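Source file: run28.cif. Holds: mmCIF, C-alpha atoms and all ligand atoms.
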```cif
data_coords
#
loop_
_atom_site.label_atom_id
_atom_site.label_comp_id
_atom_site.auth_asym_id
_atom_site.auth_seq_id
_atom_site.Cartn_x
_atom_site.Cartn_y
_atom_site.Cartn_z
CA MET A 1069 14.06 12.61 -14.21
CA ASP A 1070 16.77 12.00 -11.62
CA LEU A 1071 15.98 12.51 -7.98
CA THR A 1072 17.72 15.49 -6.48
CA GLU A 1073 20.23 15.11 -3.66
CA ALA A 1074 17.59 16.63 -1.34
CA GLU A 1075 15.03 13.97 -2.34
CA LEU A 1076 17.50 11.17 -1.73
CA VAL A 1077 18.29 12.62 1.68
CA GLN A 1078 14.57 13.02 2.43
CA TYR A 1079 13.93 9.33 1.73
CA ARG A 1080 16.80 8.34 4.05
CA GLN A 1081 15.84 10.77 6.84
CA ASP A 1082 12.04 10.96 6.64
CA GLY A 1083 11.26 7.62 5.00
CA TYR A 1084 9.29 8.96 2.05
CA ILE A 1085 9.23 11.20 -1.00
CA VAL A 1086 6.37 12.45 -3.18
CA VAL A 1087 6.85 12.28 -6.95
CA ARG A 1088 4.44 14.58 -8.77
CA ASP A 1089 2.76 13.49 -12.04
CA LEU A 1090 4.24 10.00 -12.10
CA LEU A 1091 1.24 8.94 -14.19
CA GLY A 1092 -0.03 11.24 -16.92
CA PRO A 1093 -3.74 12.18 -17.05
CA GLN A 1094 -4.56 9.56 -19.71
CA ASN A 1095 -2.92 6.86 -17.64
CA VAL A 1096 -4.84 7.97 -14.57
CA GLU A 1097 -8.11 7.82 -16.56
CA ALA A 1098 -7.19 4.37 -17.88
CA CYS A 1099 -6.53 3.12 -14.33
CA LYS A 1100 -9.86 4.49 -13.05
CA GLN A 1101 -11.67 2.95 -16.01
CA ALA A 1102 -10.01 -0.40 -15.32
CA LEU A 1103 -11.21 -0.31 -11.71
CA SER A 1104 -14.76 0.52 -12.86
CA ASP A 1105 -14.64 -2.26 -15.44
CA LEU A 1106 -13.44 -4.79 -12.87
CA ALA A 1107 -16.36 -3.75 -10.62
CA THR A 1108 -18.99 -4.07 -13.33
CA GLY A 1109 -17.52 -7.24 -14.84
CA LYS A 1110 -16.65 -5.60 -18.18
CA ILE A 1111 -13.12 -6.75 -17.37
CA ALA A 1112 -13.31 -10.30 -16.01
CA ALA A 1113 -11.87 -10.51 -12.51
CA ARG A 1114 -9.95 -13.74 -13.12
CA GLU A 1115 -7.21 -13.17 -10.55
CA THR A 1116 -8.63 -10.02 -8.98
CA THR A 1117 -10.27 -10.09 -5.55
CA LEU A 1118 -12.81 -7.40 -4.66
CA MET A 1119 -13.41 -6.54 -1.01
CA PHE A 1120 -16.36 -4.47 0.20
CA GLU A 1121 -16.82 -2.04 3.05
CA THR A 1122 -18.09 -3.82 6.17
CA GLY A 1123 -21.91 -3.92 6.17
CA HIS A 1124 -22.08 -3.33 2.38
CA GLU A 1125 -21.08 -6.77 1.14
CA ASN A 1126 -23.96 -7.22 -1.34
CA PRO A 1127 -24.49 -3.88 -3.06
CA PRO A 1128 -26.79 -3.43 -6.07
CA ALA A 1129 -24.95 -4.28 -9.31
CA GLU A 1130 -25.35 -0.81 -10.84
CA SER A 1131 -23.64 0.98 -7.95
CA ARG A 1132 -21.27 -1.78 -6.87
CA GLU A 1133 -18.19 0.31 -7.39
CA LEU A 1134 -19.24 2.77 -4.68
CA PHE A 1135 -19.11 0.09 -1.98
CA ILE A 1136 -15.76 -1.50 -2.79
CA ARG A 1137 -12.95 -0.84 -0.31
CA LYS A 1138 -10.15 -2.76 -1.92
CA TYR A 1139 -9.11 -4.63 -5.06
CA MET A 1140 -6.21 -7.06 -4.94
CA ASP A 1141 -4.12 -8.97 -7.50
CA PHE A 1142 -5.35 -7.24 -10.65
CA THR A 1143 -2.29 -6.70 -12.83
CA GLU A 1144 -2.83 -9.78 -15.00
CA ASP A 1145 -6.49 -8.81 -15.56
CA ALA A 1146 -6.09 -5.09 -16.28
CA PRO A 1147 -3.29 -3.88 -18.61
CA ALA A 1148 -3.63 -0.22 -17.52
CA LEU A 1149 -2.98 -1.18 -13.90
CA LYS A 1150 -0.09 -3.40 -14.93
CA ALA A 1151 1.44 -0.47 -16.86
CA ALA A 1152 1.25 1.69 -13.73
CA ALA A 1153 3.06 -0.98 -11.68
CA ASN A 1154 5.75 -1.13 -14.36
CA SER A 1155 6.15 2.64 -14.83
CA ALA A 1156 9.61 3.19 -16.35
CA ARG A 1157 9.99 6.50 -14.53
CA LEU A 1158 9.04 4.91 -11.22
CA HIS A 1159 11.58 2.13 -11.62
CA ALA A 1160 14.32 4.58 -12.63
CA ILE A 1161 13.58 6.42 -9.37
CA LEU A 1162 13.57 3.21 -7.34
CA ASP A 1163 16.89 2.23 -8.95
CA GLN A 1164 18.30 5.46 -7.60
CA LEU A 1165 16.84 4.98 -4.12
CA LEU A 1166 17.51 1.28 -3.62
CA GLY A 1167 19.77 -0.04 -6.37
CA ARG A 1168 18.75 -1.94 -9.50
CA GLY A 1169 16.43 -4.93 -9.76
CA ARG A 1170 13.16 -5.67 -7.94
CA LEU A 1171 9.95 -7.69 -8.04
CA LEU A 1172 6.36 -6.64 -7.59
CA PHE A 1173 4.94 -8.74 -4.79
CA GLN A 1174 1.75 -6.94 -3.78
CA GLU A 1175 -0.80 -4.94 -5.78
CA MET A 1176 -3.88 -3.25 -4.38
CA ALA A 1177 -6.35 -0.52 -5.18
CA LEU A 1178 -7.67 1.27 -2.11
CA VAL A 1179 -10.86 3.07 -2.95
CA LYS A 1180 -12.39 4.78 0.02
CA PRO A 1181 -15.96 5.36 -1.12
CA PRO A 1182 -17.61 8.72 -0.33
CA ARG A 1183 -19.20 8.87 3.16
CA ILE A 1184 -18.64 5.20 4.06
CA GLY A 1185 -14.91 4.77 3.32
CA SER A 1186 -13.36 3.25 6.43
CA GLU A 1187 -10.05 4.10 8.09
CA LYS A 1188 -6.85 2.15 7.70
CA PRO A 1189 -5.36 2.11 11.20
CA TRP A 1190 -1.79 3.18 12.00
CA HIS A 1191 0.60 0.47 10.87
CA GLN A 1192 3.97 -0.38 9.34
CA ASP A 1193 3.73 -2.28 6.06
CA ALA A 1194 6.68 -4.48 7.03
CA ALA A 1195 4.46 -5.95 9.77
CA TYR A 1196 2.51 -7.69 6.96
CA PHE A 1197 5.52 -9.12 5.13
CA ARG A 1198 7.88 -11.77 6.44
CA LEU A 1199 10.93 -10.37 4.70
CA THR A 1200 14.13 -10.40 6.71
CA ASP A 1201 15.24 -6.88 5.70
CA PRO A 1202 12.47 -4.23 5.69
CA ALA A 1203 14.81 -1.69 4.03
CA LEU A 1204 14.63 -3.76 0.84
CA ILE A 1205 10.83 -3.29 0.62
CA VAL A 1206 9.29 -0.15 -0.83
CA GLY A 1207 5.65 0.93 -1.03
CA VAL A 1208 4.31 3.12 -3.84
CA TRP A 1209 0.88 4.71 -3.35
CA ILE A 1210 -0.47 6.52 -6.41
CA ALA A 1211 -3.46 8.89 -6.18
CA LEU A 1212 -6.12 8.54 -8.89
CA ASP A 1213 -8.38 11.24 -7.36
CA PRO A 1214 -7.28 14.28 -5.37
CA ALA A 1215 -6.29 12.88 -1.97
CA LEU A 1216 -6.85 15.41 0.82
CA PRO A 1217 -7.24 15.34 4.61
CA MET A 1218 -11.05 15.54 4.15
CA ASN A 1219 -11.30 12.36 2.04
CA GLY A 1220 -8.68 10.21 3.74
CA CYS A 1221 -5.27 11.01 2.27
CA MET A 1222 -2.14 9.30 3.56
CA GLU A 1223 -0.88 10.56 6.91
CA LEU A 1224 2.51 9.57 8.26
CA VAL A 1225 5.05 10.26 10.98
CA PRO A 1226 8.36 11.22 9.31
CA GLY A 1227 11.47 9.41 10.48
CA THR A 1228 9.70 6.48 12.17
CA HIS A 1229 11.26 4.05 9.66
CA LEU A 1230 14.53 4.53 11.57
CA GLU A 1231 13.05 3.18 14.81
CA GLY A 1232 12.57 -0.47 13.85
CA GLY A 1233 9.45 -2.61 14.06
CA VAL A 1234 6.86 -1.87 16.76
CA PRO A 1235 4.21 -4.29 18.07
CA HIS A 1236 0.92 -4.55 16.18
CA VAL A 1237 -2.34 -6.15 17.20
CA HIS A 1238 -4.78 -7.84 14.84
CA GLU A 1239 -8.54 -7.39 14.89
CA ASN A 1240 -11.12 -9.85 13.56
CA ASP A 1241 -11.03 -8.14 10.17
CA PHE A 1242 -7.75 -9.26 8.59
CA ASN A 1243 -7.17 -5.80 7.11
CA ARG A 1244 -7.26 -4.17 10.47
CA CYS A 1245 -3.96 -4.72 12.15
CA ARG A 1246 -2.76 -1.70 14.08
CA ILE A 1247 0.22 -0.46 16.04
CA ILE A 1248 -0.53 -0.90 19.75
CA PRO A 1249 -1.74 2.22 21.60
CA GLY A 1250 0.99 4.55 22.80
CA LYS A 1251 3.54 3.61 20.12
CA VAL A 1252 2.47 6.20 17.51
CA ARG A 1253 3.38 9.89 17.89
CA VAL A 1254 0.05 11.01 16.46
CA SER A 1255 0.74 14.70 17.23
CA GLN A 1256 3.65 14.56 14.72
CA ARG A 1257 1.53 13.21 11.87
CA VAL A 1258 1.88 14.88 8.47
CA PRO A 1259 -1.01 14.66 5.96
CA ILE A 1260 0.22 14.19 2.38
CA SER A 1261 -2.14 15.94 -0.04
CA MET A 1262 -1.76 14.63 -3.56
CA GLN A 1263 -3.20 15.20 -7.02
CA PRO A 1264 -4.15 12.45 -9.49
CA GLY A 1265 -1.01 10.82 -10.86
CA ASP A 1266 1.22 11.82 -7.90
CA ALA A 1267 3.03 9.00 -6.12
CA LEU A 1268 4.10 8.60 -2.50
CA ILE A 1269 7.17 6.35 -2.26
CA PHE A 1270 7.70 5.14 1.29
CA HIS A 1271 9.81 2.86 3.45
CA SER A 1272 8.11 -0.26 4.80
CA LEU A 1273 8.75 0.69 8.46
CA LEU A 1274 7.18 4.16 8.21
CA HIS A 1275 4.17 4.64 10.55
CA HIS A 1276 1.17 5.62 8.42
CA PHE A 1277 -2.62 5.80 8.47
CA THR A 1278 -5.62 6.95 6.43
CA ALA A 1279 -8.73 8.51 8.04
CA PRO A 1280 -12.32 7.53 7.17
CA ASN A 1281 -13.77 9.30 4.14
CA LYS A 1282 -16.76 11.22 5.47
CA SER A 1283 -16.79 13.59 2.49
CA ASP A 1284 -18.73 13.37 -0.77
CA LEU A 1285 -15.49 12.99 -2.71
CA ARG A 1286 -14.12 9.76 -4.09
CA ARG A 1287 -10.62 8.72 -3.04
CA ARG A 1288 -9.21 6.07 -5.33
CA ALA A 1289 -5.56 5.03 -5.12
CA ILE A 1290 -3.42 2.17 -6.30
CA GLN A 1291 -0.61 0.78 -4.20
CA PHE A 1292 2.26 -1.47 -5.16
CA HIS A 1293 4.88 -3.15 -3.01
CA TYR A 1294 8.20 -4.19 -4.44
CA HIS A 1295 11.18 -5.89 -2.93
CA GLN A 1296 14.75 -5.79 -4.16
CA LEU A 1297 16.00 -8.97 -5.79
CA GLY A 1298 18.33 -9.75 -2.88
CA ALA A 1299 15.52 -9.76 -0.32
CA ILE A 1300 14.85 -13.00 1.55
CA TRP A 1301 11.50 -14.26 2.85
CA GLY A 1302 11.68 -15.57 6.39
CA ASP A 1303 9.41 -17.45 8.79
CA VAL A 1304 7.36 -16.27 11.76
CA GLU A 1305 10.31 -16.73 14.07
CA THR A 1306 12.52 -14.34 12.06
CA HIS A 1307 9.62 -11.90 11.72
CA ARG A 1308 9.19 -12.05 15.51
CA THR A 1309 12.68 -10.59 15.93
CA GLN A 1310 11.33 -7.40 14.27
CA PHE A 1311 7.75 -7.43 15.59
CA HIS A 1312 7.27 -8.57 19.17
CA ASN A 1313 5.63 -7.55 22.43
CA GLU A 1314 7.66 -6.76 25.53
CA ASP A 1315 7.27 -10.39 26.65
CA GLY A 1316 8.77 -11.54 23.32
CA THR A 1317 5.54 -12.91 21.82
CA TYR A 1318 4.93 -12.37 18.11
CA ALA A 1319 3.29 -9.01 17.24
CA GLY A 1320 3.33 -8.79 13.44
CA CYS A 1321 0.34 -8.90 11.06
CA THR A 1322 1.07 -12.14 9.19
CA VAL A 1323 -0.95 -14.35 11.51
CA PRO A 1324 -4.72 -13.90 11.26
CA HIS A 1325 -6.58 -12.98 14.45
CA GLY A 1326 -7.02 -15.95 16.76
CA GLU A 1327 -4.54 -18.26 15.02
CA ALA A 1328 -1.34 -19.56 16.56
CA ALA A 1329 1.86 -17.76 15.60
CA ASN A 1330 3.40 -20.92 14.14
CA THR A 1331 0.74 -21.11 11.38
CA ASN A 1332 2.05 -21.72 7.86
CA TYR A 1333 0.13 -18.74 6.50
CA ASN A 1334 2.43 -16.61 4.38
CA TYR A 1335 1.55 -13.29 2.80
CA ARG A 1336 1.67 -13.47 -1.01
CA GLU A 1337 5.15 -14.99 -0.92
CA GLY A 1338 4.55 -17.19 -3.89
CA LEU A 1339 3.37 -14.60 -6.42
CA PRO A 1340 6.13 -12.17 -7.27
CA ARG A 1341 5.86 -10.55 -10.69
CA ARG A 1342 8.68 -9.40 -12.95
CA ILE A 1343 9.04 -5.72 -13.85
CA THR A 1344 8.78 -4.78 -17.54
CA PRO A 1345 9.37 -1.00 -17.71
CA THR A 1346 6.51 0.83 -19.46
CA ASP A 1347 6.14 4.54 -20.35
CA THR A 1348 3.34 6.08 -18.25
CA ARG A 1349 3.84 9.76 -19.14
CA ASP A 1350 1.07 9.84 -21.84
O1 LIG A 1401 -5.15 3.88 1.06
C1 LIG A 1401 -5.47 3.51 2.18
O2 LIG A 1401 -6.55 3.78 2.65
C2 LIG A 1401 -4.52 2.72 3.05
C3 LIG A 1401 -3.27 2.33 2.37
C4 LIG A 1401 -2.34 1.58 3.28
O3 LIG A 1401 -1.69 2.15 4.08
C5 LIG A 1401 -2.24 0.13 3.17
O4 LIG A 1401 -3.08 -0.52 2.56
O5 LIG A 1401 -1.25 -0.40 3.74
#
```

Any chance you could give the structure as structure tokens?
Ligand SMILES: O=C(O)CCC(=O)C(=O)O
Amino acid sequence: MDLTEAELVQYRQDGYIVVRDLLGPQNVEACKQALSDLATGKIAARETTLMFETGHENPPAESRELFIRKYMDFTEDAPALKAAANSARLHAILDQLLGRGRLLFQEMALVKPPRIGSEKPWHQDAAYFRLTDPALIVGVWIALDPALPMNGCMELVPGTHLEGGVPHVHENDFNRCRIIPGKVRVSQRVPISMQPGDALIFHSLLHHFTAPNKSDLRRRAIQFHYHQLGAIWGDVETHRTQFHNEDGTYAGCTVPHGEAANTNYNYREGLPRRITPTDTRD
């Protein structure tokens, strides 16, 4: 189960590793079922938020699931998704990469529907989180369907986590915050094809993107963000030291489009969840 020396080096140098079969097939099925059940209402979405593709906000009830772009905050509603976030194997790996002890502070399912699934622009996840040390944040993106270049798999530029924060610009849609033009080496992008149950573990400063899904294939994934116990949440001013324009103005993603940078808005700071290791091998 241990990471090899080469995998540890790859995380340090490239900013990511892929762990195959993190979730067994039954766990993958249980996660997909939970997402379907949250969409239909069979599982009550008490804490969960469902977000739809733009222009498809009121789909017919029977096909609702095929218009959802994102689910957020579902672990308390759906035990299968909570088990994935708590995967014992995952946390043994993260212990090796980052040291022991972390909290889950963000949980999402990103489900690019066939044909209408929209892109996620190039960004660094740390631009969304006002944590003072981005190296203490790790993202884990787990494929539930085959994720391929044709249906919008993850694409990333290896090594960019070593280059610090770069300026981002927010659009009207709060989910669409992108690295400013010219700061991404798009020609060096690497698509990461994955099979159901595989996990991409990546540094919060890594430049990454997913293309629109123009195919007939589904592309469901779940994504968790953890921070190490020693991590400290900061304010906009401290975040500005990582994410700023050349003139020094704030250029992170924690201030919604059109609002002043001194807003009190804070991304999910108050809702960290404890890790309870759970076997997800089937
Ligand atoms: O799965 C996707 O489409 C995008 C995932 C991602 O990079 C994010 O939500 O930060």

Sort by chain and increasing residue number a table of all residues of chain A within 7 Å of ligand LIG 1401 (chain A), each with its closest pair of atoms and their distance in Å to one decimal, counting only C-alpha atoms and all ligand atoms, and write it as JSON lines.
```
{"residue": "A:Leu1178", "atom": "CA", "partner": "A:LIG1401", "partner_atom": "O1", "distance": 4.8}
{"residue": "A:Lys1180", "atom": "CA", "partner": "A:LIG1401", "partner_atom": "O2", "distance": 6.5}
{"residue": "A:Glu1187", "atom": "CA", "partner": "A:LIG1401", "partner_atom": "O2", "distance": 6.5}
{"residue": "A:Lys1188", "atom": "CA", "partner": "A:LIG1401", "partner_atom": "C2", "distance": 5.2}
{"residue": "A:Asp1193", "atom": "CA", "partner": "A:LIG1401", "partner_atom": "O5", "distance": 5.8}
{"residue": "A:Gly1220", "atom": "CA", "partner": "A:LIG1401", "partner_atom": "O2", "distance": 6.9}
{"residue": "A:Met1222", "atom": "CA", "partner": "A:LIG1401", "partner_atom": "O1", "distance": 6.7}
{"residue": "A:His1276", "atom": "CA", "partner": "A:LIG1401", "partner_atom": "O3", "distance": 6.2}
{"residue": "A:Phe1277", "atom": "CA", "partner": "A:LIG1401", "partner_atom": "O3", "distance": 5.8}
{"residue": "A:Thr1278", "atom": "CA", "partner": "A:LIG1401", "partner_atom": "O2", "distance": 5.0}
{"residue": "A:Ala1289", "atom": "CA", "partner": "A:LIG1401", "partner_atom": "O1", "distance": 6.3}
```

How big is the axis-aligned box, and where does its centre sit, when it encloses all atoms of region 1313-1324 of chain A listed in the file and has 8 Å added on every side, reported in Å to one decimal as lines of an AutoDock Vina configuration file?
```
center_x = 2.0
center_y = -10.6
center_z = 17.9
size_x = 29.5
size_y = 23.6
size_z = 33.5
```

Per residue of region 1084-1133 of chain A within 10 Å of region 1206-1212 of chain A, record the nearest atom pair and its distance in Å to one decimal, counting all atoms listed in the file, with rows in chain order and ascending residue number, as a tab-separated table.
```
residue	atom	partner	partner_atom	distance
A:Tyr1084	CA	A:Gly1207	CA	9.3
A:Ile1085	CA	A:Val1208	CA	9.9
A:Val1086	CA	A:Trp1209	CA	9.5
A:Val1087	CA	A:Ile1210	CA	9.3
A:Arg1088	CA	A:Ile1210	CA	9.7
A:Asp1089	CA	A:Ile1210	CA	9.5
A:Leu1090	CA	A:Ile1210	CA	8.2
A:Leu1091	CA	A:Ile1210	CA	8.3
A:Pro1093	CA	A:Leu1212	CA	9.2
A:Asn1095	CA	A:Leu1212	CA	9.5
A:Val1096	CA	A:Leu1212	CA	5.9
A:Glu1097	CA	A:Leu1212	CA	8.0
A:Ala1098	CA	A:Leu1212	CA	10.0
A:Cys1099	CA	A:Leu1212	CA	7.7
A:Lys1100	CA	A:Leu1212	CA	6.9
```

- request: Compile the contact shell of Asp1070 (chain A) as a list of chain:residue names: residues with an atom at most 8 Å away, counting all atoms listed in the file, same-chain residues fewer than 3 positions apart removed.
  value: A:Ala1160, A:Ile1161, A:Gln1164

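Candidate residues A:Ser1155, A:Thr1228, A:Thr1122, A:Thr1143 were compared for distance to Thr1346 (chain A), and the nearest is A:Ser1155, using all atoms listed in the file.
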
- request: Could you please determine the separation between CA of His1275 (chain A) and CA of Arg1257 (chain A) in Å, to one decimal place?
  value: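 These two atoms are separated by 9.1 Å.
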
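Here CA of Thr1117 (chain A) is placed at a distance of 8.2 Å from CA of Lys1138 (chain A).
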
- request: Identify which of the residues A:Pro1259, A:Gly1185, A:Gly1083, A:Gly1169 lies closest to His1229 (chain A), counting all atoms listed in the file when measuring atom-to-atom distances.
  value: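 Looking only at the distances to His1229 (chain A), the closest residue turns out to be A:Gly1083.
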
message: Restricting the calculation to only C-alpha atoms: of A:Asn1219, A:Glu1144, A:Ser1261, A:Glu1130, which residue gets closest to Arg1341 (chain A)?
response: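 Residue with the minimum atom-to-atom distance to Arg1341 (chain A): A:Glu1144.
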
- request: Could you please determine the separation between CA of Gly1298 (chain A) and CA of Gln1174 (chain A) in Å, to one decimal place?
  value: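 Atom-to-atom, CA of Gly1298 (chain A) and CA of Gln1174 (chain A) are spaced 16.8 Å apart.
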
message: So that I can check the surroundings of Asp1213 (chain A), please list as an MDAnalysis selection string every protein, DNA and RNA residue that reaches within 6 Å of it, counting only C-alpha atoms and ignoring chain neighbours fewer than 6 positions away.
response: chainID A and resid 1264 1287:1288

message: List as a list in words the protein and nucleic acid residues near Ile1300 (chain A), meaning an atom at most 9 Å away when all atoms listed in the file are counted, but skip any in the same chain fewer than 6 places from it.
response: Arg1198, Leu1199, Thr1200 and Asp1201 of chain A

So which residues touch Met1262 (chain A) within 7 Å, counting all atoms listed in the file, skipping near sequence neighbours fewer than 5 positions away, as a CSV table (one decimal) with C-alpha atoms, keeping the file's coordinate frame?
```csv
chain,number,residue,atom,x,y,z
A,1211,ALA,CA,-3.5,8.9,-6.2
A,1214,PRO,CA,-7.3,14.3,-5.4
A,1215,ALA,CA,-6.3,12.9,-2.0
A,1216,LEU,CA,-6.8,15.4,0.8
```

- prompt: Taking (-23.5, -6.6, -13.8) in the file's coordinates, which residues come within 12 Å, counting all atoms listed in the file, written as a PyMOL selection string?
  reply: chain A and resi 1104-1112+1127-1133

Just to be explicit: take each residue in the selection above, keep C-alpha atoms, and write the result as a PDB file, keeping the file's coordinate frame.
```
ATOM      1  CA  SER A1104     -14.760   0.520 -12.860  1.00  0.00           C
ATOM      2  CA  ASP A1105     -14.640  -2.260 -15.440  1.00  0.00           C
ATOM      3  CA  LEU A1106     -13.440  -4.790 -12.870  1.00  0.00           C
ATOM      4  CA  ALA A1107     -16.360  -3.750 -10.620  1.00  0.00           C
ATOM      5  CA  THR A1108     -18.990  -4.070 -13.330  1.00  0.00           C
ATOM      6  CA  GLY A1109     -17.520  -7.240 -14.840  1.00  0.00           C
ATOM      7  CA  LYS A1110     -16.650  -5.600 -18.180  1.00  0.00           C
ATOM      8  CA  ILE A1111     -13.120  -6.750 -17.370  1.00  0.00           C
ATOM      9  CA  ALA A1112     -13.310 -10.300 -16.010  1.00  0.00           C
ATOM     10  CA  PRO A1127     -24.490  -3.880  -3.060  1.00  0.00           C
ATOM     11  CA  PRO A1128     -26.790  -3.430  -6.070  1.00  0.00           C
ATOM     12  CA  ALA A1129     -24.950  -4.280  -9.310  1.00  0.00           C
ATOM     13  CA  GLU A1130     -25.350  -0.810 -10.840  1.00  0.00           C
ATOM     14  CA  SER A1131     -23.640   0.980  -7.950  1.00  0.00           C
ATOM     15  CA  ARG A1132     -21.270  -1.780  -6.870  1.00  0.00           C
ATOM     16  CA  GLU A1133     -18.190   0.310  -7.390  1.00  0.00           C
TER      17      GLU A1133
END
```

Report the closest atom pair, with its distance in Å rounded to one decimal, for each residue of region 1104-1136 of chain A that has an atom no farther than 12 Å from region 1238-1250 of chain A; count all atoms listed in the file, sort by chain and then rising residue number, and write it as JSON lines.
```
{"residue": "A:Met1119", "atom": "CA", "partner": "A:Asn1243", "partner_atom": "CA", "distance": 10.3}
{"residue": "A:Phe1120", "atom": "CA", "partner": "A:Asn1243", "partner_atom": "CA", "distance": 11.6}
{"residue": "A:Glu1121", "atom": "CA", "partner": "A:Asp1241", "partner_atom": "CA", "distance": 11.0}
{"residue": "A:Thr1122", "atom": "CA", "partner": "A:Asp1241", "partner_atom": "CA", "distance": 9.2}
```

Keeping only C-alpha atoms, write the selected residues as a short mmCIF file (atom, residue, chain, number, x, y, z; two decimals), in the frame of the given file.
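Once everything was written out, this is out-v2.cif:
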```cif
data_model
loop_
_atom_site.label_atom_id
_atom_site.label_comp_id
_atom_site.auth_asym_id
_atom_site.auth_seq_id
_atom_site.Cartn_x
_atom_site.Cartn_y
_atom_site.Cartn_z
CA MET A 1119 -13.41 -6.54 -1.01
CA PHE A 1120 -16.36 -4.47 0.20
CA GLU A 1121 -16.82 -2.04 3.05
CA THR A 1122 -18.09 -3.82 6.17
#
```

task: In the coordinates of the file, take the point (1.4, 11.9, 14.7) and a cut-off of 9 Å; then, counting only C-alpha atoms, name each qualifying protein, DNA or RNA residue as an NGL selection string.
output: :A and (1223-1226 or 1252-1258 or 1275-1276)

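In this comparison, which uses all atoms listed in the file, the residue of A:Pro1189, A:Gly1232, A:Pro1181, A:Pro1340 approaching His1124 (chain A) most closely is A:Pro1181.
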